[in-house]
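What follows is the content of data_20.txt (compact mmCIF, N, CA and C atoms).
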```txt
# COMPACT_ATOMS: atom_id res chain seq x y z
N MET M 1390 7.68 22.43 18.52
CA MET M 1390 7.03 21.39 19.30
C MET M 1390 6.52 20.25 18.42
N ASP M 1391 6.39 20.53 17.12
CA ASP M 1391 5.89 19.49 16.22
C ASP M 1391 6.75 18.24 16.31
N PHE M 1392 8.05 18.43 16.29
CA PHE M 1392 8.96 17.28 16.30
C PHE M 1392 8.99 16.58 17.66
N VAL M 1393 8.77 17.35 18.70
CA VAL M 1393 8.73 16.76 20.04
C VAL M 1393 7.56 15.77 20.13
N TRP M 1394 6.37 16.21 19.72
CA TRP M 1394 5.19 15.35 19.80
C TRP M 1394 5.28 14.18 18.83
N LEU M 1395 5.86 14.43 17.67
CA LEU M 1395 6.06 13.35 16.71
C LEU M 1395 7.02 12.32 17.31
N GLY M 1396 8.08 12.80 17.94
CA GLY M 1396 9.06 11.91 18.59
C GLY M 1396 8.44 11.12 19.72
N VAL M 1397 7.62 11.78 20.56
CA VAL M 1397 6.96 11.09 21.67
C VAL M 1397 6.05 9.99 21.14
N THR M 1398 5.29 10.30 20.10
CA THR M 1398 4.36 9.33 19.52
C THR M 1398 5.10 8.14 18.92
N ILE M 1399 6.15 8.41 18.16
CA ILE M 1399 6.92 7.33 17.54
C ILE M 1399 7.63 6.50 18.61
N LEU M 1400 8.22 7.16 19.60
CA LEU M 1400 8.91 6.45 20.67
C LEU M 1400 7.95 5.53 21.43
N ALA M 1401 6.76 6.03 21.75
CA ALA M 1401 5.77 5.21 22.46
C ALA M 1401 5.38 3.99 21.62
N ALA M 1402 5.21 4.20 20.30
CA ALA M 1402 4.83 3.08 19.43
C ALA M 1402 5.97 2.07 19.31
N VAL M 1403 7.21 2.53 19.21
CA VAL M 1403 8.36 1.64 19.08
C VAL M 1403 8.55 0.84 20.37
N VAL M 1404 8.44 1.50 21.51
CA VAL M 1404 8.58 0.80 22.79
C VAL M 1404 7.50 -0.26 22.92
N GLU M 1405 6.27 0.07 22.52
CA GLU M 1405 5.18 -0.89 22.60
C GLU M 1405 5.43 -2.10 21.71
N ALA M 1406 5.98 -1.85 20.53
CA ALA M 1406 6.28 -2.95 19.60
C ALA M 1406 7.42 -3.83 20.11
N ALA M 1407 8.35 -3.25 20.86
CA ALA M 1407 9.52 -3.99 21.32
C ALA M 1407 9.29 -4.77 22.61
N VAL M 1408 8.29 -4.38 23.38
CA VAL M 1408 8.05 -4.99 24.69
C VAL M 1408 6.79 -5.85 24.61
N PRO M 1409 6.83 -7.08 25.15
CA PRO M 1409 5.67 -7.96 25.03
C PRO M 1409 4.45 -7.52 25.84
N ALA M 1410 4.63 -6.71 26.85
CA ALA M 1410 3.51 -6.26 27.68
C ALA M 1410 3.04 -4.89 27.21
N LEU M 1411 1.80 -4.56 27.54
CA LEU M 1411 1.27 -3.24 27.20
C LEU M 1411 1.85 -2.22 28.18
N VAL M 1412 2.74 -1.36 27.69
CA VAL M 1412 3.37 -0.39 28.58
C VAL M 1412 3.26 1.05 28.10
N SER M 1413 3.18 1.26 26.80
CA SER M 1413 3.21 2.64 26.32
C SER M 1413 2.20 2.95 25.22
N ILE M 1414 1.37 2.01 24.89
CA ILE M 1414 0.43 2.22 23.79
C ILE M 1414 -0.52 3.38 24.07
N TRP M 1415 -0.80 3.64 25.34
CA TRP M 1415 -1.75 4.68 25.70
C TRP M 1415 -1.21 6.08 25.43
N PHE M 1416 0.08 6.23 25.24
CA PHE M 1416 0.64 7.55 24.97
C PHE M 1416 0.59 7.91 23.49
N VAL M 1417 0.31 6.95 22.65
CA VAL M 1417 0.24 7.22 21.21
C VAL M 1417 -0.94 8.14 20.89
N PRO M 1418 -2.18 7.86 21.35
CA PRO M 1418 -3.28 8.79 21.05
C PRO M 1418 -3.05 10.18 21.64
N GLY M 1419 -2.50 10.23 22.84
CA GLY M 1419 -2.19 11.53 23.45
C GLY M 1419 -1.17 12.29 22.65
N GLY M 1420 -0.14 11.59 22.17
CA GLY M 1420 0.88 12.22 21.34
C GLY M 1420 0.32 12.72 20.02
N LEU M 1421 -0.58 11.94 19.43
CA LEU M 1421 -1.21 12.38 18.18
C LEU M 1421 -2.07 13.62 18.39
N LEU M 1422 -2.84 13.66 19.47
CA LEU M 1422 -3.64 14.85 19.76
C LEU M 1422 -2.76 16.08 19.98
N ALA M 1423 -1.68 15.90 20.72
CA ALA M 1423 -0.76 17.02 20.96
C ALA M 1423 -0.08 17.45 19.67
N LEU M 1424 0.26 16.51 18.80
CA LEU M 1424 0.87 16.83 17.51
C LEU M 1424 -0.08 17.64 16.63
N ILE M 1425 -1.35 17.23 16.60
CA ILE M 1425 -2.34 17.98 15.81
C ILE M 1425 -2.48 19.39 16.36
N ALA M 1426 -2.53 19.51 17.69
CA ALA M 1426 -2.64 20.84 18.30
C ALA M 1426 -1.41 21.68 17.97
N SER M 1427 -0.24 21.07 17.97
CA SER M 1427 0.99 21.78 17.64
C SER M 1427 0.99 22.26 16.20
N LEU M 1428 0.52 21.39 15.30
CA LEU M 1428 0.44 21.77 13.88
C LEU M 1428 -0.55 22.92 13.65
N LEU M 1429 -1.57 22.99 14.51
CA LEU M 1429 -2.54 24.09 14.44
C LEU M 1429 -2.08 25.31 15.23
N ARG M 1430 -0.87 25.27 15.73
CA ARG M 1430 -0.22 26.35 16.47
C ARG M 1430 -0.93 26.72 17.78
N ALA M 1431 -1.46 25.69 18.47
CA ALA M 1431 -2.05 25.91 19.78
C ALA M 1431 -0.93 26.16 20.79
N PRO M 1432 -1.22 26.87 21.86
CA PRO M 1432 -0.20 27.12 22.88
C PRO M 1432 0.28 25.80 23.52
N ALA M 1433 1.47 25.84 24.08
CA ALA M 1433 2.10 24.65 24.66
C ALA M 1433 1.25 24.04 25.77
N TYR M 1434 0.60 24.86 26.61
CA TYR M 1434 -0.19 24.30 27.70
C TYR M 1434 -1.40 23.52 27.17
N ILE M 1435 -1.94 23.93 26.03
CA ILE M 1435 -3.05 23.17 25.43
C ILE M 1435 -2.52 21.86 24.86
N GLN M 1436 -1.34 21.88 24.26
CA GLN M 1436 -0.74 20.66 23.72
C GLN M 1436 -0.50 19.65 24.84
N VAL M 1437 0.09 20.13 25.93
CA VAL M 1437 0.36 19.24 27.06
C VAL M 1437 -0.95 18.72 27.65
N GLY M 1438 -1.95 19.60 27.77
CA GLY M 1438 -3.26 19.19 28.29
C GLY M 1438 -3.91 18.13 27.41
N LEU M 1439 -3.81 18.29 26.10
CA LEU M 1439 -4.37 17.30 25.18
C LEU M 1439 -3.60 15.98 25.27
N PHE M 1440 -2.29 16.07 25.43
CA PHE M 1440 -1.49 14.85 25.58
C PHE M 1440 -1.93 14.08 26.83
N VAL M 1441 -2.04 14.78 27.94
CA VAL M 1441 -2.43 14.14 29.20
C VAL M 1441 -3.86 13.60 29.10
N ALA M 1442 -4.78 14.40 28.58
CA ALA M 1442 -6.19 13.98 28.48
C ALA M 1442 -6.35 12.80 27.51
N GLY M 1443 -5.67 12.87 26.37
CA GLY M 1443 -5.77 11.79 25.39
C GLY M 1443 -5.19 10.49 25.91
N SER M 1444 -4.06 10.59 26.60
CA SER M 1444 -3.44 9.39 27.18
C SER M 1444 -4.30 8.81 28.29
N ALA M 1445 -4.84 9.69 29.16
CA ALA M 1445 -5.70 9.23 30.25
C ALA M 1445 -6.97 8.58 29.71
N ALA M 1446 -7.56 9.18 28.69
CA ALA M 1446 -8.77 8.60 28.09
C ALA M 1446 -8.47 7.23 27.48
N ALA M 1447 -7.33 7.10 26.82
CA ALA M 1447 -6.96 5.81 26.23
C ALA M 1447 -6.79 4.76 27.32
N ILE M 1448 -6.20 5.12 28.45
CA ILE M 1448 -6.03 4.18 29.56
C ILE M 1448 -7.39 3.77 30.11
N VAL M 1449 -8.25 4.74 30.37
CA VAL M 1449 -9.56 4.45 30.95
C VAL M 1449 -10.39 3.57 30.03
N ILE M 1450 -10.32 3.82 28.74
CA ILE M 1450 -11.15 3.08 27.78
C ILE M 1450 -10.61 1.68 27.52
N THR M 1451 -9.29 1.54 27.38
CA THR M 1451 -8.75 0.26 26.93
C THR M 1451 -8.13 -0.61 28.01
N ARG M 1452 -7.78 -0.07 29.15
CA ARG M 1452 -7.09 -0.86 30.18
C ARG M 1452 -7.90 -2.06 30.66
N PRO M 1453 -9.20 -1.91 30.97
CA PRO M 1453 -9.95 -3.09 31.41
C PRO M 1453 -9.96 -4.21 30.35
N LEU M 1454 -10.11 -3.82 29.09
CA LEU M 1454 -10.10 -4.82 28.01
C LEU M 1454 -8.73 -5.48 27.91
N ALA M 1455 -7.68 -4.67 27.99
CA ALA M 1455 -6.32 -5.20 27.90
C ALA M 1455 -6.02 -6.16 29.04
N LYS M 1456 -6.47 -5.84 30.24
CA LYS M 1456 -6.23 -6.73 31.38
C LYS M 1456 -6.96 -8.05 31.20
N ARG M 1457 -8.19 -8.00 30.67
CA ARG M 1457 -8.94 -9.22 30.44
C ARG M 1457 -8.28 -10.09 29.39
N LEU M 1458 -7.76 -9.47 28.34
CA LEU M 1458 -7.12 -10.22 27.27
C LEU M 1458 -5.78 -10.81 27.69
N GLN M 1459 -5.10 -10.16 28.62
CA GLN M 1459 -3.79 -10.62 29.05
C GLN M 1459 -3.83 -11.49 30.29
N LYS M 1460 -5.01 -11.77 30.81
CA LYS M 1460 -5.12 -12.59 32.02
C LYS M 1460 -4.54 -13.97 31.73
N PRO M 1461 -3.54 -14.36 32.51
CA PRO M 1461 -2.92 -15.66 32.25
C PRO M 1461 -3.86 -16.79 32.65
N GLY M 1462 -3.89 -17.80 31.82
CA GLY M 1462 -4.67 -18.99 32.13
C GLY M 1462 -3.82 -19.95 32.94
N PRO M 1463 -4.36 -21.10 33.21
CA PRO M 1463 -3.55 -22.08 33.95
C PRO M 1463 -2.34 -22.49 33.11
N VAL M 1464 -1.24 -22.60 33.75
CA VAL M 1464 -0.01 -23.00 33.07
C VAL M 1464 -0.03 -24.50 32.90
N SER M 1465 -0.05 -24.93 31.67
CA SER M 1465 -0.09 -26.34 31.39
C SER M 1465 1.34 -26.90 31.41
N THR M 1466 1.48 -28.02 32.07
CA THR M 1466 2.79 -28.69 32.09
C THR M 1466 2.62 -30.05 31.47
N ASN M 1467 3.70 -30.65 31.13
CA ASN M 1467 3.63 -31.99 30.57
C ASN M 1467 3.21 -33.01 31.62
N ALA M 1468 3.26 -32.64 32.88
CA ALA M 1468 2.85 -33.56 33.93
C ALA M 1468 1.37 -33.91 33.82
N ASP M 1469 0.56 -32.99 33.29
CA ASP M 1469 -0.87 -33.23 33.16
C ASP M 1469 -1.18 -34.45 32.29
N ARG M 1470 -0.28 -34.79 31.41
CA ARG M 1470 -0.56 -35.89 30.49
C ARG M 1470 -0.56 -37.25 31.17
N VAL M 1471 -0.06 -37.35 32.40
CA VAL M 1471 -0.07 -38.64 33.09
C VAL M 1471 -1.41 -38.96 33.72
N ILE M 1472 -2.27 -37.94 33.88
CA ILE M 1472 -3.58 -38.18 34.49
C ILE M 1472 -4.39 -39.09 33.56
N GLY M 1473 -4.88 -40.17 34.12
CA GLY M 1473 -5.64 -41.14 33.35
C GLY M 1473 -4.79 -42.23 32.73
N ALA M 1474 -3.48 -42.11 32.84
CA ALA M 1474 -2.57 -43.10 32.24
C ALA M 1474 -2.38 -44.29 33.19
N ALA M 1475 -2.05 -45.42 32.61
CA ALA M 1475 -1.73 -46.60 33.40
C ALA M 1475 -0.29 -46.50 33.88
N ALA M 1476 -0.05 -46.94 35.10
CA ALA M 1476 1.29 -46.90 35.68
C ALA M 1476 1.57 -48.24 36.34
N VAL M 1477 2.85 -48.56 36.49
CA VAL M 1477 3.27 -49.79 37.15
C VAL M 1477 3.91 -49.42 38.48
N VAL M 1478 3.46 -50.05 39.55
CA VAL M 1478 4.02 -49.79 40.87
C VAL M 1478 5.41 -50.39 40.93
N THR M 1479 6.42 -49.55 41.20
CA THR M 1479 7.80 -50.04 41.28
C THR M 1479 8.25 -50.20 42.73
N GLU M 1480 7.58 -49.51 43.64
CA GLU M 1480 7.85 -49.62 45.08
C GLU M 1480 6.49 -49.59 45.76
N GLU M 1481 6.25 -50.54 46.66
CA GLU M 1481 4.94 -50.65 47.30
C GLU M 1481 4.38 -49.29 47.72
N VAL M 1482 3.12 -49.05 47.33
CA VAL M 1482 2.44 -47.81 47.70
C VAL M 1482 1.77 -48.04 49.05
N ASN M 1483 2.21 -47.28 50.06
CA ASN M 1483 1.70 -47.42 51.41
C ASN M 1483 1.55 -46.03 52.00
N ASN M 1484 0.32 -45.56 52.12
CA ASN M 1484 0.07 -44.20 52.61
C ASN M 1484 0.50 -44.02 54.07
N LEU M 1485 0.37 -45.07 54.89
CA LEU M 1485 0.74 -44.96 56.30
C LEU M 1485 2.24 -44.71 56.46
N ARG M 1486 3.05 -45.34 55.61
CA ARG M 1486 4.51 -45.14 55.66
C ARG M 1486 4.95 -43.97 54.77
N GLU M 1487 3.98 -43.37 54.07
CA GLU M 1487 4.28 -42.30 53.13
C GLU M 1487 5.34 -42.75 52.13
N ALA M 1488 5.11 -43.93 51.57
CA ALA M 1488 6.07 -44.52 50.64
C ALA M 1488 5.33 -45.01 49.40
N GLY M 1489 6.07 -45.12 48.34
CA GLY M 1489 5.53 -45.69 47.12
C GLY M 1489 6.00 -44.94 45.89
N ARG M 1490 6.28 -45.71 44.83
CA ARG M 1490 6.70 -45.11 43.57
C ARG M 1490 6.04 -45.87 42.44
N VAL M 1491 5.75 -45.14 41.37
CA VAL M 1491 5.20 -45.76 40.17
C VAL M 1491 5.98 -45.27 38.97
N SER M 1492 5.93 -46.06 37.92
CA SER M 1492 6.55 -45.68 36.65
C SER M 1492 5.43 -45.44 35.66
N VAL M 1493 5.42 -44.26 35.08
CA VAL M 1493 4.39 -43.92 34.11
C VAL M 1493 5.02 -43.09 33.00
N LEU M 1494 4.75 -43.47 31.77
CA LEU M 1494 5.28 -42.78 30.59
C LEU M 1494 6.79 -42.61 30.66
N GLY M 1495 7.47 -43.60 31.20
CA GLY M 1495 8.93 -43.59 31.25
C GLY M 1495 9.53 -42.79 32.38
N ASN M 1496 8.70 -42.27 33.29
CA ASN M 1496 9.21 -41.49 34.42
C ASN M 1496 8.79 -42.13 35.73
N SER M 1497 9.62 -41.96 36.75
CA SER M 1497 9.33 -42.47 38.07
C SER M 1497 8.75 -41.33 38.92
N TRP M 1498 7.63 -41.62 39.59
CA TRP M 1498 6.96 -40.63 40.42
C TRP M 1498 6.72 -41.20 41.82
N ALA M 1499 6.74 -40.33 42.82
CA ALA M 1499 6.25 -40.72 44.14
C ALA M 1499 4.75 -40.89 44.00
N ALA M 1500 4.18 -41.85 44.73
CA ALA M 1500 2.76 -42.13 44.57
C ALA M 1500 2.11 -42.42 45.91
N ARG M 1501 0.81 -42.12 45.98
CA ARG M 1501 -0.01 -42.45 47.13
C ARG M 1501 -1.31 -43.05 46.60
N SER M 1502 -1.91 -43.90 47.40
CA SER M 1502 -3.15 -44.56 47.02
C SER M 1502 -4.33 -43.63 47.27
N GLU M 1503 -5.25 -43.61 46.34
CA GLU M 1503 -6.44 -42.74 46.48
C GLU M 1503 -7.31 -43.20 47.65
N ARG M 1504 -7.44 -44.50 47.82
CA ARG M 1504 -8.32 -45.04 48.87
C ARG M 1504 -7.57 -45.38 50.15
N GLY M 1505 -6.26 -45.23 50.16
CA GLY M 1505 -5.48 -45.53 51.35
C GLY M 1505 -5.06 -46.98 51.46
N ASP M 1506 -5.39 -47.80 50.47
CA ASP M 1506 -5.00 -49.20 50.54
C ASP M 1506 -3.54 -49.37 50.10
N THR M 1507 -2.93 -50.44 50.53
CA THR M 1507 -1.55 -50.76 50.16
C THR M 1507 -1.58 -51.47 48.81
N ILE M 1508 -0.72 -51.01 47.90
CA ILE M 1508 -0.66 -51.60 46.56
C ILE M 1508 0.74 -52.17 46.37
N PRO M 1509 0.84 -53.48 46.13
CA PRO M 1509 2.17 -54.11 46.02
C PRO M 1509 2.88 -53.74 44.72
N ALA M 1510 4.21 -53.87 44.76
CA ALA M 1510 5.03 -53.63 43.57
C ALA M 1510 4.63 -54.59 42.46
N GLY M 1511 4.69 -54.12 41.22
CA GLY M 1511 4.36 -54.94 40.07
C GLY M 1511 2.92 -54.80 39.61
N GLU M 1512 2.07 -54.24 40.44
CA GLU M 1512 0.66 -54.09 40.08
C GLU M 1512 0.47 -52.88 39.16
N THR M 1513 -0.50 -52.97 38.26
CA THR M 1513 -0.82 -51.86 37.37
C THR M 1513 -1.90 -51.00 38.03
N VAL M 1514 -1.68 -49.71 38.02
CA VAL M 1514 -2.62 -48.76 38.62
C VAL M 1514 -2.97 -47.68 37.60
N MET M 1515 -4.00 -46.91 37.93
CA MET M 1515 -4.42 -45.79 37.08
C MET M 1515 -4.13 -44.49 37.83
N VAL M 1516 -3.54 -43.52 37.14
CA VAL M 1516 -3.26 -42.22 37.76
C VAL M 1516 -4.56 -41.42 37.80
N VAL M 1517 -4.97 -41.02 39.00
CA VAL M 1517 -6.22 -40.30 39.19
C VAL M 1517 -6.00 -38.79 39.14
N ARG M 1518 -4.95 -38.32 39.83
CA ARG M 1518 -4.67 -36.87 39.86
C ARG M 1518 -3.24 -36.66 40.36
N ILE M 1519 -2.83 -35.40 40.33
CA ILE M 1519 -1.52 -35.02 40.84
C ILE M 1519 -1.73 -34.09 42.02
N GLU M 1520 -1.04 -34.35 43.11
CA GLU M 1520 -1.05 -33.46 44.28
C GLU M 1520 0.39 -33.10 44.58
N GLY M 1521 0.77 -31.88 44.25
CA GLY M 1521 2.16 -31.47 44.42
C GLY M 1521 3.04 -32.25 43.49
N VAL M 1522 3.97 -33.04 44.06
CA VAL M 1522 4.87 -33.85 43.24
C VAL M 1522 4.55 -35.34 43.35
N LYS M 1523 3.37 -35.65 43.87
CA LYS M 1523 2.96 -37.04 44.03
C LYS M 1523 1.77 -37.35 43.13
N LEU M 1524 1.79 -38.56 42.60
CA LEU M 1524 0.63 -39.03 41.84
C LEU M 1524 -0.31 -39.75 42.80
N ILE M 1525 -1.57 -39.50 42.66
CA ILE M 1525 -2.58 -40.23 43.42
C ILE M 1525 -3.11 -41.29 42.46
N VAL M 1526 -2.98 -42.55 42.90
CA VAL M 1526 -3.30 -43.67 42.01
C VAL M 1526 -4.40 -44.54 42.61
N ALA M 1527 -5.04 -45.29 41.73
CA ALA M 1527 -6.05 -46.27 42.15
C ALA M 1527 -5.79 -47.55 41.39
N ARG M 1528 -6.15 -48.66 42.00
CA ARG M 1528 -5.99 -49.94 41.33
C ARG M 1528 -6.75 -49.91 40.02
N ALA M 1529 -6.16 -50.45 38.98
CA ALA M 1529 -6.80 -50.49 37.68
C ALA M 1529 -8.07 -51.34 37.78
N GLY M 1530 -9.15 -50.86 37.19
CA GLY M 1530 -10.40 -51.58 37.22
C GLY M 1530 -11.27 -51.26 38.42
N LEU M 1531 -10.78 -50.45 39.36
CA LEU M 1531 -11.60 -50.09 40.53
C LEU M 1531 -12.12 -48.68 40.38
```

Whole structure given in structure tokens:
Amino acid sequence: MDFVWLGVTILAAVVEAAVPALVSIWFVPGGLLALIASLLRAPAYIQVGLFVAGSAAAIVITRPLAKRLQKPGPVSTNADRVIGAAAVVTEEVNNLREAGRVSVLGNSWAARSERGDTIPAGETVMVVRIEGVKLIVARAGL
């Protein structure tokens, strides 16, 4: 059984190293406990019990910490960089007609006015925020 527990421990460690998510690290302490019991010539049921108990204890102790550390934050996109940037209205912004486009940082975006006013083409505006795939803009200086 010595080689079985050694194999389980090594396999769990190798799988953990190969996979980006925490999937098998909790079996390493259990495997080590079972290996020690095997080396001390404990009966197989004690080895299995130690493996299960050691693995369960490792999960209970470390899982909450691991979940907190792996909690994904907001996914940042390059679109965020347009907020606060100056844009040029290329197609009249009219919220009533649900129309309007602006050019900002070399890209064309659908746009809506923050205050609901109509903004003619050629005017410079400031990007206030992003809602879905539309930029919400305000007249520069307002």

Checklist entry - Please, which residues of chain M, numbered as in this document, come out helix (DSSP H, G or I) from DSSP, as a PyMOL selection string? => result chain M and resi 1391-1407+1416-1428+1433-1459+1467-1471

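Atom N of Val1491 of chain M is positioned 10.2 Å from atom C of Gly1511 of chain M.
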
Taking (3.2, -36.5, 44.6) in the file's coordinates as the center, which residues reach within 8 Å of it, counting all atoms listed in the file, put as a PDB file with N, CA and C atoms, in the coordinates of the input?
```
ATOM      1  N   TRP M1498       7.630 -41.620  39.590  1.00  0.00           N
ATOM      2  CA  TRP M1498       6.960 -40.630  40.420  1.00  0.00           C
ATOM      3  C   TRP M1498       6.720 -41.200  41.820  1.00  0.00           C
ATOM      4  N   ALA M1499       6.740 -40.330  42.820  1.00  0.00           N
ATOM      5  CA  ALA M1499       6.250 -40.720  44.140  1.00  0.00           C
ATOM      6  C   ALA M1499       4.750 -40.890  44.000  1.00  0.00           C
ATOM      7  N   ALA M1500       4.180 -41.850  44.730  1.00  0.00           N
ATOM      8  CA  ALA M1500       2.760 -42.130  44.570  1.00  0.00           C
ATOM      9  C   ALA M1500       2.110 -42.420  45.910  1.00  0.00           C
ATOM     10  N   ARG M1501       0.810 -42.120  45.980  1.00  0.00           N
ATOM     11  CA  ARG M1501      -0.010 -42.450  47.130  1.00  0.00           C
ATOM     12  C   ARG M1501      -1.310 -43.050  46.600  1.00  0.00           C
ATOM     13  N   ARG M1518      -4.950 -38.320  39.830  1.00  0.00           N
ATOM     14  CA  ARG M1518      -4.670 -36.870  39.860  1.00  0.00           C
ATOM     15  C   ARG M1518      -3.240 -36.660  40.360  1.00  0.00           C
ATOM     16  N   ILE M1519      -2.830 -35.400  40.330  1.00  0.00           N
ATOM     17  CA  ILE M1519      -1.520 -35.020  40.840  1.00  0.00           C
ATOM     18  C   ILE M1519      -1.730 -34.090  42.020  1.00  0.00           C
ATOM     19  N   GLU M1520      -1.040 -34.350  43.110  1.00  0.00           N
ATOM     20  CA  GLU M1520      -1.050 -33.460  44.280  1.00  0.00           C
ATOM     21  C   GLU M1520       0.390 -33.100  44.580  1.00  0.00           C
ATOM     22  N   GLY M1521       0.770 -31.880  44.250  1.00  0.00           N
ATOM     23  CA  GLY M1521       2.160 -31.470  44.420  1.00  0.00           C
ATOM     24  C   GLY M1521       3.040 -32.250  43.490  1.00  0.00           C
ATOM     25  N   VAL M1522       3.970 -33.040  44.060  1.00  0.00           N
ATOM     26  CA  VAL M1522       4.870 -33.850  43.240  1.00  0.00           C
ATOM     27  C   VAL M1522       4.550 -35.340  43.350  1.00  0.00           C
ATOM     28  N   LYS M1523       3.370 -35.650  43.870  1.00  0.00           N
ATOM     29  CA  LYS M1523       2.960 -37.040  44.030  1.00  0.00           C
ATOM     30  C   LYS M1523       1.770 -37.350  43.130  1.00  0.00           C
ATOM     31  N   LEU M1524       1.790 -38.560  42.600  1.00  0.00           N
ATOM     32  CA  LEU M1524       0.630 -39.030  41.840  1.00  0.00           C
ATOM     33  C   LEU M1524      -0.310 -39.750  42.800  1.00  0.00           C
ATOM     34  N   ILE M1525      -1.570 -39.500  42.660  1.00  0.00           N
ATOM     35  CA  ILE M1525      -2.580 -40.230  43.420  1.00  0.00           C
ATOM     36  C   ILE M1525      -3.110 -41.290  42.460  1.00  0.00           C
TER      37      ILE M1525
END
```

Item to check | Residue nearest Ile1425 of chain M - candidates M:Ala1406, M:Ala1488, M:Ile1450, M:Met1390, atoms counted: only C-alpha atoms | outcome: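 The closest residue to Ile1425 of chain M is M:Met1390.
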
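Minimum distance to Val1403 of chain M across M:Ala1510, M:Val1417, M:Ala1476, M:Val1449 (counting only C-alpha atoms) occurs at M:Val1417.
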
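Interatomic distance, atom C of Gln1436 of chain M to atom CA of Ala1402 of chain M: 18.2 Å.
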
Item to check | For atom C of Val1441 of chain M and atom N of Gly1419 of chain M, the interatomic separation in Å (one decimal) | outcome: 7.2 Å

Next on the checklist: as a PyMOL selection string, please: every residue in chain M that a backbone DSSP assignment puts in strand (DSSP E).
Outcome noted: chain M and resi 1475-1483+1488-1493+1496-1502+1513-1520+1523-1528

Item to check | Which of M:Ala1401, M:Ala1431, M:Val1477, M:Val1393 sits closest to Arg1528 of chain M [using only C-alpha atoms] | outcome: M:Val1477

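Here the question is which of M:Pro1418, M:Val1482, M:Ala1410, M:Gly1495 gets nearest to Ser1444 of chain M using only N, CA and C atoms, and that residue is M:Pro1418.
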
Next on the checklist: I want to know what sits within 10 Å of Gly1505 of chain M, based on only C-alpha atoms, with residues of the same chain fewer than 6 positions away left out; could you give that as JSON, numbers by chain?
Outcome noted: {"M": [1482, 1483, 1484, 1485, 1525, 1526, 1527]}

Item to check | Shell of 12 Å around Gly1530 of chain M, only C-alpha atoms, local chain residues under 4 positions omitted, as a PyMOL selection string | outcome: chain M and resi 1475+1512-1516+1526

Output N, CA and C atoms of each residue in that selection to a file, as a PDB file, in the frame of the given file.
```
ATOM      1  N   ALA M1475      -2.050 -45.420  32.610  1.00  0.00           N
ATOM      2  CA  ALA M1475      -1.730 -46.600  33.400  1.00  0.00           C
ATOM      3  C   ALA M1475      -0.290 -46.500  33.880  1.00  0.00           C
ATOM      4  N   GLU M1512       2.070 -54.240  40.440  1.00  0.00           N
ATOM      5  CA  GLU M1512       0.660 -54.090  40.080  1.00  0.00           C
ATOM      6  C   GLU M1512       0.470 -52.880  39.160  1.00  0.00           C
ATOM      7  N   THR M1513      -0.500 -52.970  38.260  1.00  0.00           N
ATOM      8  CA  THR M1513      -0.820 -51.860  37.370  1.00  0.00           C
ATOM      9  C   THR M1513      -1.900 -51.000  38.030  1.00  0.00           C
ATOM     10  N   VAL M1514      -1.680 -49.710  38.020  1.00  0.00           N
ATOM     11  CA  VAL M1514      -2.620 -48.760  38.620  1.00  0.00           C
ATOM     12  C   VAL M1514      -2.970 -47.680  37.600  1.00  0.00           C
ATOM     13  N   MET M1515      -4.000 -46.910  37.930  1.00  0.00           N
ATOM     14  CA  MET M1515      -4.420 -45.790  37.080  1.00  0.00           C
ATOM     15  C   MET M1515      -4.130 -44.490  37.830  1.00  0.00           C
ATOM     16  N   VAL M1516      -3.540 -43.520  37.140  1.00  0.00           N
ATOM     17  CA  VAL M1516      -3.260 -42.220  37.760  1.00  0.00           C
ATOM     18  C   VAL M1516      -4.560 -41.420  37.800  1.00  0.00           C
ATOM     19  N   VAL M1526      -2.980 -42.550  42.900  1.00  0.00           N
ATOM     20  CA  VAL M1526      -3.300 -43.670  42.010  1.00  0.00           C
ATOM     21  C   VAL M1526      -4.400 -44.540  42.610  1.00  0.00           C
TER      22      VAL M1526
END
```

Axis-aligned box over every listed atom of segment 1407-1420 of chain M, padded by 5 Å per side: centre and edges in Å to one decimal, as AutoDock Vina command-line options?
```
--center_x 3.1 --center_y 2.4 --center_z 24.3 --size_x 22.8 --size_y 30.7 --size_z 18.6
```

Next on the checklist: Given only N, CA and C atoms as the basis, pick out the residue of M:Ile1448, M:Leu1395, M:Leu1400, M:Leu1411 nearest to Ala1423 of chain M.
Outcome noted: M:Leu1395
